[in-house]
$ cat entry01.txt   # compact mmCIF, C-alpha atoms
# COMPACT_ATOMS: atom_id res chain seq x y z
CA MET A 105 81.12 84.83 138.16
CA THR A 106 84.84 85.53 138.37
CA SER A 107 85.97 89.11 137.94
CA VAL A 108 89.17 89.73 136.03
CA GLN A 109 91.34 92.73 136.80
CA CYS A 110 92.58 94.49 133.65
CA THR A 111 96.25 95.34 133.50
CA GLY A 112 98.44 97.43 131.24
CA LEU A 113 96.97 98.98 128.09
CA SER A 114 93.70 97.07 128.48
CA ALA A 115 93.18 98.54 131.95
CA PHE A 116 93.93 102.03 130.67
CA PHE A 117 91.34 101.85 127.90
CA ASP A 118 88.83 100.04 130.10
CA GLY A 119 88.89 102.94 132.54
CA PHE A 120 89.14 105.43 129.72
CA PHE A 121 85.79 104.37 128.29
CA LYS A 122 83.80 104.41 131.53
CA THR A 123 81.53 107.41 131.27
CA GLY A 124 80.75 107.61 134.96
CA ARG A 125 76.97 107.62 134.48
CA LEU A 126 75.19 106.46 137.66
CA LYS A 127 72.06 104.36 137.56
CA GLY A 128 68.97 106.32 138.52
CA VAL A 129 70.64 109.74 138.15
CA THR A 130 68.79 112.18 135.91
CA MET A 131 71.11 113.69 133.28
CA THR A 132 70.62 117.30 132.25
CA LYS A 133 70.87 118.33 128.61
CA GLU A 134 74.20 120.06 129.26
CA THR A 135 75.58 116.99 131.04
CA ILE A 136 74.52 114.68 128.23
CA GLN A 137 76.14 116.95 125.63
CA LYS A 138 79.34 117.12 127.67
CA GLU A 139 79.36 113.34 128.05
CA HIS A 140 78.84 112.92 124.32
CA ARG A 141 81.80 115.20 123.56
CA ILE A 142 84.00 113.27 125.97
CA LEU A 143 82.94 109.98 124.38
CA GLN A 144 83.76 111.34 120.90
CA LEU A 145 87.21 112.34 122.17
CA LYS A 146 87.76 108.84 123.50
CA TYR A 147 86.62 107.34 120.20
CA ALA A 148 89.04 109.66 118.39
CA VAL A 149 91.98 108.43 120.47
CA LEU A 150 91.08 104.80 119.85
CA ALA A 151 90.57 105.55 116.13
CA VAL A 152 94.24 106.51 115.85
CA VAL A 153 95.27 103.17 117.34
CA VAL A 154 92.86 101.28 115.08
CA GLY A 155 94.08 103.22 112.03
CA ILE A 156 97.72 102.36 112.71
CA CYS A 157 97.05 98.68 113.37
CA VAL A 158 94.74 98.22 110.39
CA GLY A 159 97.12 100.20 108.16
CA ILE A 160 99.93 97.79 109.06
CA VAL A 161 97.80 94.72 108.32
CA ASP A 162 96.54 96.32 105.08
CA THR A 163 100.13 96.87 104.02
CA ILE A 164 101.05 93.25 104.66
CA PHE A 165 98.01 92.05 102.76
CA GLY A 166 98.31 94.59 99.94
CA ARG A 167 102.01 94.15 99.29
CA GLY A 168 101.63 90.41 99.43
CA LEU A 169 98.80 90.60 96.90
CA LEU A 170 100.83 92.82 94.55
CA ALA A 171 103.77 90.40 94.66
CA ILE A 172 101.48 87.42 94.09
CA SER A 173 99.73 89.16 91.18
CA ALA A 174 103.05 89.99 89.54
CA PHE A 175 104.21 86.38 89.94
CA ARG A 176 100.96 85.04 88.48
CA THR A 177 101.15 87.42 85.52
CA ALA A 178 104.59 86.05 84.70
CA HIS A 179 103.68 82.36 85.19
CA TRP A 180 99.94 82.16 84.53
CA ARG A 181 100.28 79.20 82.16
CA CYS A 182 101.77 77.08 84.94
CA LEU A 183 99.47 78.29 87.72
CA LEU A 184 95.97 78.42 86.18
CA PRO A 185 95.62 74.62 85.76
CA PHE A 186 95.91 74.26 89.54
CA LEU A 187 92.98 76.63 90.28
CA PRO A 188 90.61 73.74 91.22
CA LEU A 189 93.12 72.37 93.74
CA ALA A 190 93.58 75.87 95.14
CA GLY A 191 89.83 76.09 95.64
CA LEU A 192 89.78 72.82 97.55
CA LEU A 193 92.55 74.13 99.82
CA ILE A 194 90.58 77.32 100.55
CA VAL A 195 87.40 75.45 101.46
CA TRP A 196 89.36 72.98 103.64
CA MET A 197 91.02 75.85 105.54
CA TYR A 198 87.71 77.49 106.38
CA HIS A 199 86.01 74.25 107.39
CA HIS A 200 88.97 73.18 109.49
CA PHE A 201 89.62 76.45 111.34
CA SER A 202 86.41 78.54 111.28
CA ILE A 203 83.44 77.61 109.12
CA LEU A 204 81.55 80.66 110.40
CA SER A 205 84.14 82.90 108.73
CA LEU A 206 82.87 81.71 105.34
CA LYS A 207 80.06 84.25 105.73
CA GLY A 208 82.68 86.99 105.26
CA MET A 209 81.12 90.40 104.72
CA SER A 210 77.76 89.11 105.96
CA LEU A 211 79.31 88.78 109.43
CA VAL A 212 80.30 92.45 109.29
CA PHE A 213 76.81 93.53 108.23
CA GLU A 214 75.07 91.35 110.82
CA THR A 215 77.29 92.76 113.56
CA GLY A 216 76.58 96.32 112.44
CA GLN A 217 72.85 95.54 112.42
CA LYS A 218 73.04 94.10 115.98
CA LYS A 219 72.17 90.59 114.80
CA ARG A 220 75.36 89.22 116.34
CA ASP A 221 77.88 90.56 118.82
CA GLN A 222 81.14 89.02 117.69
CA ILE A 223 83.22 88.38 114.55
CA PRO A 224 85.69 85.48 114.85
CA LEU A 225 89.29 86.66 114.83
CA ALA A 226 90.16 83.66 112.66
CA LEU A 227 88.44 85.50 109.80
CA VAL A 228 91.45 87.83 109.40
CA PRO A 229 94.16 85.27 108.53
CA LEU A 230 91.70 83.05 106.67
CA VAL A 231 90.40 85.77 104.35
CA MET A 232 93.94 87.02 103.70
CA LEU A 233 95.28 83.57 102.86
CA GLY A 234 92.17 82.63 100.88
CA THR A 235 92.42 85.77 98.75
CA TRP A 236 96.15 85.32 98.17
CA ILE A 237 95.55 81.74 97.01
CA THR A 238 92.66 82.81 94.76
CA HIS A 239 94.82 85.42 93.05
CA LEU A 240 97.95 83.29 92.85
CA PHE A 241 96.16 80.65 90.80
CA GLY A 242 94.22 83.07 88.60
CA GLY A 243 90.76 83.56 90.08
CA SER A 244 88.99 86.78 89.06
CA ALA A 245 88.32 88.63 92.31
CA GLY A 246 88.99 91.85 94.19
CA ARG A 247 90.50 92.88 97.49
CA GLU A 248 88.34 95.56 99.16
CA GLY A 249 86.08 93.07 100.92
CA VAL A 250 89.15 91.61 102.57
CA ALA A 251 90.36 95.00 103.78
CA VAL A 252 86.93 95.95 105.13
CA GLN A 253 86.61 92.61 106.92
CA ILE A 254 90.08 92.99 108.43
CA GLY A 255 89.36 96.50 109.69
CA ALA A 256 85.89 95.68 111.00
CA THR A 257 87.05 92.53 112.80
CA LEU A 258 90.06 94.14 114.50
CA SER A 259 88.21 97.32 115.49
CA HIS A 260 85.10 95.53 116.75
CA GLU A 261 87.20 93.06 118.71
CA ALA A 262 89.13 95.93 120.30
CA GLY A 263 85.90 97.57 121.37
CA ARG A 264 84.53 94.30 122.74
CA ARG A 265 87.64 93.54 124.77
CA LEU A 266 87.75 97.05 126.15
CA HIS A 267 84.12 96.64 127.27
CA ILE A 268 82.81 99.53 125.19
CA ARG A 269 79.04 99.31 125.40
CA GLU A 270 77.71 100.73 122.15
CA ARG A 271 74.17 101.37 121.05
CA LYS A 272 75.47 102.24 117.58
CA PRO A 273 78.16 100.41 115.56
CA VAL A 274 80.75 103.20 115.83
CA MET A 275 83.76 100.92 116.34
CA LEU A 276 82.70 98.64 113.49
CA ILE A 277 82.31 101.54 111.05
CA THR A 278 85.62 103.00 112.24
CA GLY A 279 87.38 99.74 111.40
CA MET A 280 85.64 99.40 108.03
CA ALA A 281 86.77 102.92 107.07
CA ALA A 282 90.32 102.16 108.19
CA GLY A 283 90.41 98.94 106.16
CA PHE A 284 89.13 100.54 102.96
CA GLY A 285 91.20 103.70 103.39
CA GLY A 286 94.41 101.86 104.22
CA LEU A 287 94.23 99.60 101.17
CA PHE A 288 92.94 102.03 98.53
CA GLN A 289 94.36 105.22 100.09
CA THR A 290 91.14 107.11 99.37
CA PRO A 291 90.20 108.04 102.95
CA LEU A 292 87.20 110.28 102.25
CA ALA A 293 85.52 107.66 100.10
CA ALA A 294 86.39 105.07 102.75
CA VAL A 295 84.60 107.03 105.49
CA PHE A 296 81.34 107.39 103.60
CA PHE A 297 81.47 103.88 102.17
CA ALA A 298 81.64 102.50 105.71
CA MET A 299 78.84 104.81 106.87
CA GLU A 300 76.57 104.17 103.86
CA VAL A 301 76.91 100.50 103.11
CA ILE A 302 75.55 98.73 106.21
CA VAL A 303 72.09 100.27 105.88
CA ALA A 304 71.45 101.78 102.44
CA GLY A 305 69.92 105.23 102.69
CA TYR A 306 71.07 105.88 106.26
CA LEU A 307 74.24 107.49 107.60
CA GLU A 308 75.51 106.89 111.13
CA TYR A 309 76.91 110.35 111.87
CA ASP A 310 78.11 109.40 115.35
CA ALA A 311 80.84 107.43 113.58
CA LEU A 312 81.93 110.30 111.32
CA LEU A 313 84.82 111.69 113.41
CA PRO A 314 86.41 108.37 114.48
CA ALA A 315 85.95 106.92 110.99
CA LEU A 316 87.59 109.98 109.45
CA ILE A 317 90.54 109.79 111.83
CA ALA A 318 90.96 106.03 111.38
CA ALA A 319 90.73 106.20 107.57
CA TYR A 320 93.35 108.94 107.27
CA THR A 321 95.60 107.27 109.85
CA ALA A 322 95.40 103.91 108.05
CA SER A 323 95.98 105.58 104.67
CA PHE A 324 99.03 107.44 105.98
CA THR A 325 100.36 104.29 107.67
CA SER A 326 100.07 102.09 104.59
CA HIS A 327 101.55 104.84 102.41
CA PHE A 328 104.44 105.31 104.83
CA LEU A 329 105.10 101.56 104.85
CA GLY A 330 105.28 101.48 101.05
CA LEU A 331 101.95 100.04 99.94
CA GLU A 332 101.33 100.60 96.20
CA LYS A 333 104.89 101.63 95.47
CA LEU A 334 105.24 98.45 93.43
CA LYS A 335 102.06 99.07 91.47
CA GLU A 336 102.26 98.97 87.69
CA THR A 337 102.52 102.38 86.11
CA ILE A 338 100.14 104.19 83.84
CA GLU A 339 102.62 105.77 81.48
CA LYS A 340 106.30 106.39 80.77
CA GLY A 341 107.52 103.97 83.41
CA GLN A 342 106.96 106.47 86.21
CA ARG A 343 106.44 105.05 89.68
CA VAL A 344 103.29 106.05 91.49
CA GLU A 345 102.43 105.95 95.18
CA LYS A 346 98.80 105.03 94.52
CA PHE A 347 96.50 104.78 91.56
CA ALA A 348 95.50 108.27 90.46
CA VAL A 349 94.95 109.80 87.03
CA ASP A 350 95.05 113.54 86.48
CA ILE A 351 92.52 113.94 83.67
CA GLN A 352 93.20 117.14 81.76
CA ASP A 353 90.17 116.97 79.47
CA THR A 354 86.94 118.62 80.58
CA TRP A 355 83.44 117.63 79.55
CA THR A 356 80.91 120.45 79.83
CA VAL A 357 77.28 119.37 79.72
CA THR A 358 75.68 122.42 78.10
CA ASP A 359 73.55 121.22 75.18
CA LEU A 360 70.87 118.63 74.47
CA ARG A 361 73.28 116.17 72.85
CA SER A 362 75.66 116.15 75.78
CA MET A 363 72.76 115.82 78.22
CA ILE A 364 71.42 112.81 76.32
CA SER A 365 74.89 111.28 76.33
CA LEU A 366 75.20 111.84 80.07
CA ILE A 367 71.84 110.17 80.69
CA ALA A 368 72.87 107.25 78.49
CA LEU A 369 76.08 106.83 80.49
CA GLY A 370 74.22 106.91 83.80
CA LEU A 371 71.75 104.31 82.59
CA ALA A 372 74.46 102.05 81.17
CA PHE A 373 76.66 102.20 84.28
CA GLY A 374 73.67 101.70 86.56
CA LEU A 375 72.53 98.66 84.62
CA ALA A 376 76.05 97.22 84.60
CA GLY A 377 76.30 97.53 88.38
CA ARG A 378 72.79 96.15 88.82
CA CYS A 379 73.58 93.25 86.51
CA PHE A 380 76.69 92.41 88.53
CA SER A 381 74.92 92.47 91.89
CA VAL A 382 71.86 90.52 90.71
CA LEU A 383 73.93 87.88 88.90
CA LEU A 384 76.25 87.46 91.90
CA GLN A 385 73.40 86.87 94.35
CA LYS A 386 71.53 84.54 92.00
CA ALA A 387 74.67 82.59 91.07
CA LYS A 388 75.60 82.06 94.74
CA LYS A 389 72.09 80.80 95.46
CA LEU A 390 71.99 78.58 92.35
CA PHE A 391 75.36 76.91 92.91
CA GLY A 392 74.61 76.50 96.61
CA GLU A 393 71.32 74.74 95.87
CA LYS A 394 72.52 72.57 92.98
CA ILE A 395 75.84 71.52 94.54
CA SER A 396 75.44 71.65 98.31
CA ASN A 397 78.85 70.14 99.11
CA PRO A 398 81.29 73.10 99.04
CA LEU A 399 84.30 70.91 98.21
CA ILE A 400 82.58 69.35 95.20
CA ARG A 401 81.17 72.73 94.16
CA ILE A 402 84.49 74.55 94.04
CA GLY A 403 86.52 71.55 92.86
CA VAL A 404 84.26 70.71 89.92
CA MET A 405 83.19 74.20 88.82
CA ALA A 406 86.73 75.58 88.98
CA ILE A 407 87.73 73.24 86.14
CA PRO A 408 85.71 75.04 83.41
CA LEU A 409 86.55 78.37 85.07
CA ALA A 410 90.28 77.72 84.78
CA ALA A 411 89.90 76.41 81.21
CA LEU A 412 87.97 79.50 80.07
CA LEU A 413 90.39 81.90 81.77
CA PHE A 414 93.24 80.07 80.06
CA VAL A 415 91.90 80.04 76.49
CA ILE A 416 90.17 83.45 76.37
CA HIS A 417 92.90 86.04 75.77
CA GLY A 418 95.45 84.10 77.79
CA GLY A 419 94.75 85.16 81.36
CA ARG A 420 93.56 88.68 80.53
CA TYR A 421 90.63 88.32 82.94
CA THR A 422 92.46 86.78 85.90
CA GLY A 423 93.13 88.63 89.13
CA LEU A 424 92.04 92.12 90.13
CA GLY A 425 91.49 93.60 86.68
CA THR A 426 94.09 96.35 87.16
CA ASN A 427 95.42 95.50 83.70
CA LEU A 428 92.09 96.64 82.23
CA ILE A 429 92.12 99.79 84.38
CA SER A 430 95.63 100.66 83.27
CA ALA A 431 94.78 100.00 79.61
CA SER A 432 91.69 102.21 79.90
CA PHE A 433 93.68 105.24 81.03
CA ALA A 434 96.83 104.66 79.02
CA GLY A 435 95.15 104.54 75.61
CA GLU A 436 95.86 100.84 75.17
CA THR A 437 93.55 98.27 73.58
CA ILE A 438 90.16 97.80 75.21
CA TYR A 439 87.82 95.34 73.53
CA GLY A 440 84.09 95.98 73.43
CA TYR A 441 83.48 92.78 75.39
CA ASP A 442 86.16 93.25 78.07
CA TRP A 443 83.72 94.57 80.64
CA ILE A 444 81.14 91.81 80.28
CA LEU A 445 83.72 89.02 80.34
CA LYS A 446 85.36 90.48 83.46
CA LEU A 447 81.91 90.72 85.03
CA LEU A 448 81.01 87.12 84.25
CA PHE A 449 84.37 85.69 85.33
CA THR A 450 84.25 87.58 88.63
CA VAL A 451 80.70 86.42 89.36
CA PHE A 452 81.69 82.84 88.50
CA THR A 453 84.81 82.95 90.68
CA LEU A 454 83.11 84.35 93.78
CA SER A 455 79.87 82.39 93.52
CA ILE A 456 81.55 78.96 93.64
CA GLY A 457 83.51 79.73 96.81
CA PHE A 458 86.76 81.53 96.01
CA GLN A 459 87.76 84.42 98.26
CA GLY A 460 88.28 88.11 97.46
CA GLY A 461 86.34 91.30 97.03
CA GLU A 462 84.31 92.78 94.21
CA VAL A 463 85.24 96.45 94.10
CA THR A 464 88.47 96.40 92.06
CA PRO A 465 86.82 94.21 89.37
CA LEU A 466 83.92 96.69 89.43
CA PHE A 467 86.41 99.51 88.82
CA SER A 468 87.81 97.61 85.83
CA ILE A 469 84.33 96.80 84.50
CA GLY A 470 83.27 100.45 84.76
CA ALA A 471 86.47 101.85 83.27
CA SER A 472 86.51 99.48 80.28
CA LEU A 473 82.78 99.96 79.63
CA GLY A 474 83.28 103.72 79.84
CA VAL A 475 86.05 103.68 77.24
CA VAL A 476 83.80 101.73 74.85
CA LEU A 477 80.83 104.06 75.38
CA GLY A 478 83.03 107.15 75.08
CA SER A 479 84.18 106.02 71.66
CA ILE A 480 80.57 105.45 70.57
CA LEU A 481 79.20 108.73 71.96
CA GLY A 482 82.09 110.92 70.85
CA ILE A 483 83.17 111.82 74.41
CA PRO A 484 86.84 111.62 75.49
CA PRO A 485 87.22 107.93 76.45
CA MET A 486 89.36 108.74 79.49
CA ILE A 487 86.58 110.89 80.96
CA CYS A 488 83.98 108.19 80.32
CA GLY A 489 86.34 105.61 81.82
CA ALA A 490 86.62 107.70 84.98
CA LEU A 491 82.84 108.11 85.21
CA GLY A 492 82.32 104.38 84.76
CA TYR A 493 85.04 103.57 87.31
CA ALA A 494 83.06 105.39 90.01
CA ALA A 495 79.44 104.90 88.89
CA VAL A 496 79.47 101.10 88.38
CA PHE A 497 81.02 100.74 91.84
CA GLY A 498 78.28 102.91 93.32
CA SER A 499 75.50 101.07 91.54
CA ALA A 500 76.70 97.61 92.52
CA THR A 501 77.28 98.51 96.18
CA ASN A 502 74.08 100.61 96.42
CA THR A 503 75.98 103.66 97.66
CA LEU A 504 75.97 107.25 96.39
CA ILE A 505 78.37 109.51 98.29
CA ALA A 506 81.29 107.07 98.32
CA PRO A 507 81.54 106.66 94.51
CA ILE A 508 81.40 110.42 94.01
CA LEU A 509 84.23 110.92 96.50
CA ILE A 510 86.34 108.11 95.09
CA GLY A 511 85.97 109.66 91.64
CA LEU A 512 87.18 113.00 92.97
CA GLU A 513 90.07 111.47 94.95
CA VAL A 514 91.31 109.35 92.05
CA PHE A 515 90.60 111.55 89.02
CA GLY A 516 90.53 115.11 90.34
CA THR A 517 87.82 117.76 90.19
CA ARG A 518 87.81 118.87 86.54
CA ASN A 519 84.65 116.90 85.73
CA THR A 520 82.82 117.11 89.04
CA ILE A 521 79.36 117.92 87.66
CA PRO A 522 79.22 115.04 85.14
CA LEU A 523 80.60 112.72 87.83
CA ILE A 524 77.89 113.65 90.33
CA LEU A 525 75.07 113.43 87.79
CA VAL A 526 76.19 110.09 86.35
CA CYS A 527 76.63 108.59 89.84
CA ILE A 528 73.14 109.77 90.84
CA LEU A 529 71.58 108.25 87.71
CA ALA A 530 73.46 104.97 88.18
CA TYR A 531 72.37 104.84 91.82
CA LEU A 532 68.72 105.35 90.87
CA VAL A 533 68.83 102.75 88.10
CA ASN A 534 70.27 100.21 90.52
CA GLY A 535 66.89 99.82 92.24
CA ASN A 536 68.28 98.98 95.71
CA HIS A 537 70.16 95.88 94.54
CA SER A 538 73.55 95.24 96.12
CA ILE A 539 76.47 92.84 95.92
CA TYR A 540 76.11 92.56 99.69
CA GLY A 541 73.17 90.28 100.38
CA ALA A 542 73.05 91.24 104.07
CA GLN A 543 72.75 94.97 103.36
CA GLN A 544 69.59 96.47 104.83
CA LYS A 545 67.48 99.22 103.28
CA ALA A 546 66.42 102.22 105.34
CA LEU A 547 62.66 102.75 105.45
CA CYS A 548 61.08 106.14 106.09
CA ARG A 549 58.31 106.14 108.67
CA PHE A 550 56.01 109.13 108.67
CA GLU A 551 54.27 109.89 111.94
CA GLU A 552 51.67 112.57 112.68

$ encode --input "entry01.txt" --output "structure tokens"
Amino acid sequence: MTSVQCTGLSAFFDGFFKTGRLKGVTMTKETIQKEHRILQLKYAVLAVVVGICVGIVDTIFGRGLLAISAFRTAHWRCLLPFLPLAGLLIVWMYHHFSILSLKGMSLVFETGQKKRDQIPLALVPLVMLGTWITHLFGGSAGREGVAVQIGATLSHEAGRRLHIRERKPVMLITGMAAGFGGLFQTPLAAVFFAMEVIVAGYLEYDALLPALIAAYTASFTSHFLGLEKLKETIEKGQRVEKFAVDIQDTWTVTDLRSMISLIALGLAFGLAGRCFSVLLQKAKKLFGEKISNPLIRIGVMAIPLAALLFVIHGGRYTGLGTNLISASFAGETIYGYDWILKLLFTVFTLSIGFQGGEVTPLFSIGASLGVVLGSILGIPPMICGALGYAAVFGSATNTLIAPILIGLEVFGTRNTIPLILVCILAYLVNGNHSIYGAQQKALCRFEE
């Protein structure tokens, strides 16, 4: 075996992460604690580097996606008919350069669960280009999966090349938090999403400090570089740095009627998230079994998808769904069927092979459903929209802390109690289903 001498920055970090533990030497409790603190300090330093790098890539991806979305909105009639050809191009790219990267988020989960030790670097440009193409030609998809994959791949690769021997997926979680936080600029939610989502019901607290540092660093970096400055506004043509709504109304759950309404909202949002996750998994399996050739699958099935997106409200359900989110919180028209059509179009788009995430469509599904239910139940629609925004996301991803935190970061703290209760109910109704098929469930083992 040939030994390679590290030089430059690689050599610095390679030496930086050697703990100095000698084989056969018994470690005292104090020594182990000291070593752990030193290791956490080293992780913290590397988390800053990861946060900056991922924040830069998130900015490139995010600003590109915003520009593409704006262009598609203006020219959707010309672009939507070419959605099948765009799908063929996406599948060809993956099969030509890295067919393994088609597994996407499953690669991230399998790496975090120690089922594999490497994520191909080709995944980063492929998932960025594939998502851009999907959105340019009108597919209904999100973006968070892309950001999480980017962060996880870059961070894990950095740890692998620096010969960091980990028993726990600290570097992977750090990168996931940086990716989510840099794109959405909700760093607290990003930290707990990354910690919660790999194994539902279990939190990897060893990753808390580096994930927190990386998420805030990535969020600051992308904000500094101008991500979201071009985002469409909520009202009065004001420019916003990121999506946030300061809800002035307060909903106090003090009587039987309001409690019943709250329970109804939790059940509805939980079922919506569960419906999305179950349909997505079943649709992927069905299309994969019925049309095994990925080129034929995406080329043929994208034809009715494009036709339906074209004729139903003229492109209203293309792209991220931010138009529905904006309409929900600006008092604009929300149809009673907006949420279900966005759900079905997103499931259809992703299950036949187009690229993109699920979270932003989930936000739009939850917000539009919340507005409809608020009008029925006599609750301020904006409050219900905010609750749905967070709770449907939590239900579909099988997470609890992250949706609560994203609700607080985006909508403020005026309705904290209803937010927490609705998210808990939605999480319970979900029944351990998830949009991520590779997500594991934590099992409690009781020993005498």

$ closest_atom_pairs --input "entry01.txt" --of "stretch 462-551 of chain A" --to "stretch 289-297 of chain A" --cutoff "7 Å" --atoms "only C-alpha atoms" --output "tab-separated table"
residue	atom	partner	partner_atom	distance
A:Ile505	CA	A:Phe296	CA	6.4
A:Ala506	CA	A:Ala293	CA	4.6
A:Pro507	CA	A:Ala293	CA	6.9
A:Leu509	CA	A:Ala293	CA	5.0
A:Ile510	CA	A:Ala293	CA	5.1
A:Glu513	CA	A:Thr290	CA	6.3

$ closest_residue --input "entry01.txt" --among "A:Arg401, A:Val526, A:Leu187, A:Met209" --to "A:Ala368" --atoms "all atoms listed in the file"
A:Val526

$ atom_distance --input "entry01.txt" --atom1 "atom CA of A:Val451" --atom2 "atom CA of A:Ser202"
24.0 Å

$ closest_residue --input "entry01.txt" --among "A:Leu399, A:Phe373, A:Val476, A:Ala245" --to "A:Leu193" --atoms "only C-alpha atoms"
A:Leu399

$ closest_residue --input "entry01.txt" --among "A:Phe391, A:Phe452, A:Tyr540, A:Tyr147" --to "A:Thr422" --atoms "all atoms listed in the file"
A:Phe452

$ atom_distance --input "entry01.txt" --atom1 "atom CA of A:Leu192" --atom2 "atom CA of A:Gly460"
15.4 Å

$ residues_around --input "entry01.txt" --residues "A:Gly516" --least-positions-apart "2" --cutoff "9 Å" --atoms "all atoms listed in the file" --output "list in words"
Ala348, Val349, Asp350, Ile351, Gly511, Leu512, Glu513, Val514, Arg518, Asn519 and Thr520 of chain A

$ closest_residue --input "entry01.txt" --among "A:Gly535, A:Gly191, A:Gly216, A:Gly470" --to "A:Gly234" --atoms "all atoms listed in the file"
A:Gly191

$ decode --input "entry01.txt" --residues "stretch 193-211 of chain A" --atoms "C-alpha atoms" --output "PDB file, in the first residue's frame"
ATOM      1  CA  LEU A 193     -32.580  14.972 -20.722  1.00  0.00           C
ATOM      2  CA  ILE A 194     -32.582  14.579 -16.925  1.00  0.00           C
ATOM      3  CA  VAL A 195     -32.655  10.777 -17.071  1.00  0.00           C
ATOM      4  CA  TRP A 196     -29.917  10.729 -19.745  1.00  0.00           C
ATOM      5  CA  MET A 197     -27.667  12.946 -17.595  1.00  0.00           C
ATOM      6  CA  TYR A 198     -27.943  10.670 -14.584  1.00  0.00           C
ATOM      7  CA  HIS A 199     -27.429   7.471 -16.566  1.00  0.00           C
ATOM      8  CA  HIS A 200     -24.485   8.937 -18.442  1.00  0.00           C
ATOM      9  CA  PHE A 201     -22.607  10.488 -15.509  1.00  0.00           C
ATOM     10  CA  SER A 202     -23.720   8.750 -12.282  1.00  0.00           C
ATOM     11  CA  ILE A 203     -26.671   6.375 -12.196  1.00  0.00           C
ATOM     12  CA  LEU A 204     -26.128   5.834  -8.460  1.00  0.00           C
ATOM     13  CA  SER A 205     -26.958   9.502  -7.856  1.00  0.00           C
ATOM     14  CA  LEU A 206     -30.546   8.777  -8.927  1.00  0.00           C
ATOM     15  CA  LYS A 207     -31.113   7.460  -5.405  1.00  0.00           C
ATOM     16  CA  GLY A 208     -30.818  11.059  -4.173  1.00  0.00           C
ATOM     17  CA  MET A 209     -31.903  11.447  -0.561  1.00  0.00           C
ATOM     18  CA  SER A 210     -31.741   7.676  -0.063  1.00  0.00           C
ATOM     19  CA  LEU A 211     -27.955   7.923  -0.449  1.00  0.00           C
TER      20      LEU A 211
END
